[in-house]
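Undergrad: Next up is a structure, given as structure tokens.
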Amino acid sequence: METGAITNEIDVAQLVLYAFWLFFAGLIFYLRMEDRREGYPLESEVTGEPIDPGAIYGPSLKTFKLQDGTITDTMRPDRRPLALKQTEAFSGSTFEPTGNPMVDGVGAAAWVERRDVVDMTGAGEPRIVPMRLLPEYSVAEQDIDPRGLPVIGCDGEVAATVKDIWLDRGECFIRYLELELLQDQKAAPAPAPVAEAPAVEAPVVEAPAEAATSDDAPAGEIPADPAPAPAPAAPAPAVHAPTGALLMPMTMVRLSSRPAQVKTGSIRSDQFADVPRTKSTDQITLLEEEKVMAYYTGGYLYAEPERTEPII
């Protein structure tokens with residue numbers, strides 16, 4: 001037998017070749033399994049239900065242990081009702097919004113359901129906070145301080161003024177500008193007090209000192225009933241002003257000193273009132289960031305009707 005031969009039909013080179021084939025087949029299977037960790041399971045185009053890949057082709061759940069000790073995974077299906085309709089009755093046709101896409105969060109204004117928690121720094125502090133809580137930070141003298149400047153929409157109208165700066169102290173970068181609308185939705189005035197009817201005292205006639213001798217003569221008059229008070233008017237429904245901070249991404253504005261203003265080409269001045277607000281006045285969660293960024297980004301397509309039309 002020749003060198004390297006194990007038997008007359010098998011040698012070392014042949015075994016190495018077979019081992020390589022097995023290794024390569026296992027590698028392909030492993031990579032395809034890893035592909036299915038994100039974006040899977042697939043959904044049926046007819047029913048929208050997830051397609052079960054089976055025990056063999058279904059990947060194991062990929063989990064991540066976060067800094068705060070919680071465990072999350074990548075297989076969290078989005079079950080939000082989407083305000084979209086299919087333009088044609090065949091698979092693969094486009095969808096168009098059925099309402100206000102910037103408010104509904106669809107199309108170019110779509111957002112992902114991130115965790116509704118505040119992003120923290122390595123020291124365990126909220127990463128993005130307003131500068132009113134950070135007295136050690138200030139705007140450089142050679143730069144424009146946007147606080148107090150008017151905010152101009154893409155229609156050229158003033159929509160708000162800059163109230164504060166929200167700083168990412170993890171990277172020392174301005175993330176958002178906090179705005180104050182010129183005409184916020186005001187609460188309805190308190191209902192006018194109901195005018196009370198003047199007290200009416202019934203005249204009381206004193207009975208005579210001596211009782212009447214006749215049976216039909218009254219011993220005295222019965223006091224008259226007081227006049228009924230008018231029913232109180234129904235209070236007008238109160239219109240509550242939106243709560244939370246109104247933010248605008250710093251990456252979507254342009255500061256100018258002549259004239260001193262903050263301008264954005266994303267949305268119109270009347271559309272600032274519909275910007276998603278934060279629950280807290282001093283913090284913003286990952287989910288809230290997603291919604292705010294998606295709203296302004298969607299404005300580049302949906303803010304004006306002509307933006308959705310072909311350029312040519």
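We name chains A, B, ... following the order of the structure tokens; residues begin at 1 in each chain, and ligands are numbered from 1 as shown.
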Taking only residues of range 78-190 of chain A that have an atom at most 10 Å from an atom of range 251-272 of chain A, what is each one's shortest atom pair and its distance in Å to one decimal, using only C-alpha atoms, in chain and number order, as a tab-separated table?

TA:
residue	atom	partner	partner_atom	distance
A:Met102	CA	A:Gln271	CA	9.5
A:Val103	CA	A:Gln271	CA	9.9
A:Asp143	CA	A:Ser257	CA	9.6
A:Ile144	CA	A:Ser257	CA	7.1
A:Asp145	CA	A:Leu255	CA	9.2
A:Pro146	CA	A:Val262	CA	7.1
A:Arg147	CA	A:Val262	CA	9.6
A:Gly148	CA	A:Gln261	CA	9.0
A:Leu149	CA	A:Gln261	CA	5.2
A:Pro150	CA	A:Gln261	CA	5.2
A:Val151	CA	A:Val262	CA	4.7
A:Ile152	CA	A:Lys263	CA	4.6
A:Gly153	CA	A:Ser269	CA	4.6
A:Cys154	CA	A:Gly265	CA	4.5
A:Asp155	CA	A:Arg268	CA	5.4
A:Gly156	CA	A:Ser269	CA	7.8
A:Glu157	CA	A:Ser269	CA	5.8
A:Val158	CA	A:Ser269	CA	6.3
A:Ala159	CA	A:Ser269	CA	4.6
A:Ala160	CA	A:Ser269	CA	8.1
A:Thr161	CA	A:Val262	CA	8.6
A:Val162	CA	A:Val262	CA	8.2
A:Ile174	CA	A:Thr251	CA	8.9
A:Arg175	CA	A:Thr251	CA	7.5
A:Tyr176	CA	A:Thr251	CA	8.2
A:Leu177	CA	A:Val253	CA	9.3
A:Leu179	CA	A:Phe272	CA	9.2
A:Glu180	CA	A:Phe272	CA	9.8
A:Leu181	CA	A:Phe272	CA	7.8

Undergrad: Selected residues, N, CA and C atoms, written as a JSON list (two decimals), in the first residue's frame, please.

TA:
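result19.json, freshly written:
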[["chain", "number", "residue", "atom", "x", "y", "z"],
["A", 102, "MET", "N", -48.07, 60.39, 9.94],
["A", 102, "MET", "CA", -47.14, 60.87, 10.94],
["A", 102, "MET", "C", -47.64, 60.58, 12.35],
["A", 103, "VAL", "N", -48.93, 60.64, 12.54],
["A", 103, "VAL", "CA", -49.52, 60.33, 13.84],
["A", 103, "VAL", "C", -49.67, 58.82, 14.02],
["A", 143, "ASP", "N", -20.68, 79.82, 20.28],
["A", 143, "ASP", "CA", -21.80, 79.15, 19.63],
["A", 143, "ASP", "C", -23.11, 79.87, 19.93],
["A", 144, "ILE", "N", -24.13, 79.54, 19.15],
["A", 144, "ILE", "CA", -25.45, 80.14, 19.33],
["A", 144, "ILE", "C", -26.20, 79.39, 20.40],
["A", 145, "ASP", "N", -26.68, 80.11, 21.38],
["A", 145, "ASP", "CA", -27.53, 79.50, 22.41],
["A", 145, "ASP", "C", -28.97, 79.54, 21.90],
["A", 146, "PRO", "N", -29.56, 78.39, 21.59],
["A", 146, "PRO", "CA", -30.90, 78.41, 20.98],
["A", 146, "PRO", "C", -32.02, 78.74, 21.95],
["A", 147, "ARG", "N", -31.77, 78.75, 23.24],
["A", 147, "ARG", "CA", -32.84, 78.97, 24.21],
["A", 147, "ARG", "C", -33.43, 80.37, 24.04],
["A", 148, "GLY", "N", -34.74, 80.42, 23.90],
["A", 148, "GLY", "CA", -35.44, 81.68, 23.71],
["A", 148, "GLY", "C", -35.64, 82.06, 22.26],
["A", 149, "LEU", "N", -35.04, 81.33, 21.31],
["A", 149, "LEU", "CA", -35.18, 81.67, 19.91],
["A", 149, "LEU", "C", -36.48, 81.12, 19.34],
["A", 150, "PRO", "N", -37.05, 81.80, 18.33],
["A", 150, "PRO", "CA", -38.28, 81.29, 17.70],
["A", 150, "PRO", "C", -37.97, 80.07, 16.83],
["A", 151, "VAL", "N", -38.94, 79.19, 16.73],
["A", 151, "VAL", "CA", -38.84, 77.98, 15.92],
["A", 151, "VAL", "C", -39.72, 78.15, 14.69],
["A", 152, "ILE", "N", -39.12, 78.01, 13.51],
["A", 152, "ILE", "CA", -39.81, 78.22, 12.24],
["A", 152, "ILE", "C", -40.03, 76.87, 11.57],
["A", 153, "GLY", "N", -41.26, 76.61, 11.13],
["A", 153, "GLY", "CA", -41.57, 75.39, 10.41],
["A", 153, "GLY", "C", -41.19, 75.50, 8.95],
["A", 154, "CYS", "N", -41.45, 74.43, 8.20],
["A", 154, "CYS", "CA", -41.10, 74.43, 6.78],
["A", 154, "CYS", "C", -41.99, 75.37, 5.97],
["A", 155, "ASP", "N", -43.10, 75.84, 6.57],
["A", 155, "ASP", "CA", -43.96, 76.80, 5.88],
["A", 155, "ASP", "C", -43.56, 78.24, 6.15],
["A", 156, "GLY", "N", -42.49, 78.46, 6.91],
["A", 156, "GLY", "CA", -42.02, 79.81, 7.19],
["A", 156, "GLY", "C", -42.72, 80.50, 8.33],
["A", 157, "GLU", "N", -43.61, 79.80, 9.05],
["A", 157, "GLU", "CA", -44.35, 80.40, 10.15],
["A", 157, "GLU", "C", -43.72, 80.01, 11.48],
["A", 158, "VAL", "N", -43.84, 80.92, 12.44],
["A", 158, "VAL", "CA", -43.32, 80.67, 13.79],
["A", 158, "VAL", "C", -44.27, 79.72, 14.50],
["A", 159, "ALA", "N", -43.72, 78.65, 15.06],
["A", 159, "ALA", "CA", -44.54, 77.64, 15.73],
["A", 159, "ALA", "C", -44.33, 77.64, 17.24],
["A", 160, "ALA", "N", -43.13, 77.93, 17.70],
["A", 160, "ALA", "CA", -42.83, 77.80, 19.12],
["A", 160, "ALA", "C", -41.56, 78.58, 19.42],
["A", 161, "THR", "N", -41.17, 78.52, 20.66],
["A", 161, "THR", "CA", -39.88, 79.04, 21.09],
["A", 161, "THR", "C", -39.13, 77.94, 21.82],
["A", 162, "VAL", "N", -37.83, 78.02, 21.79],
["A", 162, "VAL", "CA", -37.00, 77.02, 22.44],
["A", 162, "VAL", "C", -36.98, 77.29, 23.95],
["A", 174, "ILE", "N", -25.79, 67.62, 22.16],
["A", 174, "ILE", "CA", -27.17, 68.09, 22.24],
["A", 174, "ILE", "C", -28.04, 67.17, 21.40],
["A", 175, "ARG", "N", -29.00, 66.52, 22.03],
["A", 175, "ARG", "CA", -29.89, 65.59, 21.33],
["A", 175, "ARG", "C", -31.19, 66.25, 20.91],
["A", 176, "TYR", "N", -31.80, 67.02, 21.80],
["A", 176, "TYR", "CA", -33.12, 67.58, 21.52],
["A", 176, "TYR", "C", -33.17, 69.03, 21.99],
["A", 177, "LEU", "N", -34.11, 69.76, 21.41],
["A", 177, "LEU", "CA", -34.49, 71.07, 21.89],
["A", 177, "LEU", "C", -35.91, 70.96, 22.44],
["A", 179, "LEU", "N", -39.37, 72.54, 23.28],
["A", 179, "LEU", "CA", -40.12, 73.65, 22.71],
["A", 179, "LEU", "C", -41.31, 74.00, 23.58],
["A", 180, "GLU", "N", -41.75, 75.24, 23.40],
["A", 180, "GLU", "CA", -42.98, 75.71, 24.02],
["A", 180, "GLU", "C", -43.81, 76.36, 22.93],
["A", 181, "LEU", "N", -44.96, 75.77, 22.63],
["A", 181, "LEU", "CA", -45.81, 76.27, 21.56],
["A", 181, "LEU", "C", -46.33, 77.66, 21.89]]

Undergrad: Could you please determine the separation between CA of Ile71 in chain A and CA of Lys291 in chain A in Å, to one decimal place?

TA: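 Distance between the two atoms: 23.3 Å.
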
Undergrad: Figure out the distance between CA of Gly170 in chain A and CA of Thr121 in chain A, please, to one decimal in Å.

TA: 6.1 Å

Undergrad: Could you check which of A:Gly58, A:Ser91, A:Glu113, A:Val106 is closest to Gly298 in chain A, using only C-alpha atoms?

TA: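 Ranking A:Gly58, A:Ser91, A:Glu113, A:Val106 by distance to Gly298 in chain A, first place goes to A:Val106.
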
Undergrad: Find the spatial neighbours of Ala110 in chain A, counting only C-alpha atoms, within a cut-off of 12 Å - ignore same-chain residues fewer than 3 positions away - and output them as a tab-separated table (two decimals) with N, CA and C atoms, in the first residue's frame.

TA:
chain	number	residue	atom	x	y	z
A	78	ASP	N	-44.37	42.57	16.52
A	78	ASP	CA	-45.08	43.83	16.59
A	78	ASP	C	-46.54	43.58	16.20
A	80	ARG	N	-49.10	45.85	16.59
A	80	ARG	CA	-49.89	47.07	16.49
A	80	ARG	C	-50.79	47.05	15.26
A	82	LEU	N	-52.08	48.54	12.04
A	82	LEU	CA	-51.46	49.50	11.13
A	82	LEU	C	-52.54	50.17	10.27
A	83	ALA	N	-52.49	51.49	10.24
A	83	ALA	CA	-53.45	52.26	9.44
A	83	ALA	C	-52.98	52.31	7.99
A	84	LEU	N	-53.00	51.15	7.35
A	84	LEU	CA	-52.56	51.01	5.96
A	84	LEU	C	-53.58	50.19	5.19
A	97	PRO	N	-51.16	54.89	3.38
A	97	PRO	CA	-51.78	55.22	4.67
A	97	PRO	C	-53.27	55.53	4.51
A	100	ASN	N	-53.54	59.88	9.05
A	100	ASN	CA	-52.36	60.74	9.12
A	100	ASN	C	-51.16	59.85	9.43
A	101	PRO	N	-50.31	59.58	8.46
A	101	PRO	CA	-49.21	58.62	8.69
A	101	PRO	C	-48.23	59.08	9.75
A	102	MET	N	-48.07	60.39	9.94
A	102	MET	CA	-47.14	60.87	10.94
A	102	MET	C	-47.64	60.58	12.35
A	103	VAL	N	-48.93	60.64	12.54
A	103	VAL	CA	-49.52	60.33	13.84
A	103	VAL	C	-49.67	58.82	14.02
A	104	ASP	N	-50.04	58.13	12.95
A	104	ASP	CA	-50.25	56.68	13.02
A	104	ASP	C	-48.95	55.90	13.06
A	105	GLY	N	-47.83	56.50	12.68
A	105	GLY	CA	-46.55	55.82	12.74
A	105	GLY	C	-46.40	54.74	11.68
A	106	VAL	N	-46.73	55.06	10.44
A	106	VAL	CA	-46.60	54.09	9.35
A	106	VAL	C	-45.81	54.73	8.22
A	107	GLY	N	-45.38	53.89	7.28
A	107	GLY	CA	-44.63	54.41	6.13
A	107	GLY	C	-43.30	54.98	6.56
A	113	GLU	N	-41.10	49.22	18.27
A	113	GLU	CA	-41.48	49.14	19.68
A	113	GLU	C	-40.26	48.82	20.54
A	290	GLU	N	-37.97	56.91	19.87
A	290	GLU	CA	-38.31	56.32	18.58
A	290	GLU	C	-39.48	57.05	17.94
A	291	LYS	N	-40.50	57.36	18.73
A	291	LYS	CA	-41.69	58.01	18.20
A	291	LYS	C	-41.40	59.44	17.77
A	292	VAL	N	-40.62	60.16	18.57
A	292	VAL	CA	-40.31	61.55	18.24
A	292	VAL	C	-39.49	61.63	16.95
A	293	MET	N	-38.46	60.80	16.85
A	293	MET	CA	-37.63	60.80	15.66
A	293	MET	C	-38.43	60.40	14.42
A	294	ALA	N	-39.31	59.40	14.57
A	294	ALA	CA	-40.11	58.95	13.42
A	294	ALA	C	-41.07	60.04	12.96
A	295	TYR	N	-41.62	60.81	13.88
A	295	TYR	CA	-42.57	61.86	13.50
A	295	TYR	C	-41.88	62.92	12.63
A	296	TYR	N	-40.74	63.40	13.09
A	296	TYR	CA	-40.04	64.43	12.30
A	296	TYR	C	-39.49	63.86	11.00
A	297	THR	N	-39.01	62.62	11.02
A	297	THR	CA	-38.50	62.01	9.79
A	297	THR	C	-39.61	61.83	8.77
A	298	GLY	N	-40.79	61.37	9.23
A	298	GLY	CA	-41.91	61.20	8.33
A	298	GLY	C	-42.38	62.51	7.71
A	299	GLY	N	-42.10	63.63	8.39
A	299	GLY	CA	-42.51	64.91	7.84
A	299	GLY	C	-41.84	65.26	6.53
A	301	LEU	N	-41.62	63.47	4.09
A	301	LEU	CA	-42.43	62.89	3.02
A	301	LEU	C	-43.89	63.28	3.12
A	302	TYR	N	-44.41	63.40	4.35
A	302	TYR	CA	-45.85	63.56	4.52
A	302	TYR	C	-46.28	64.95	4.97
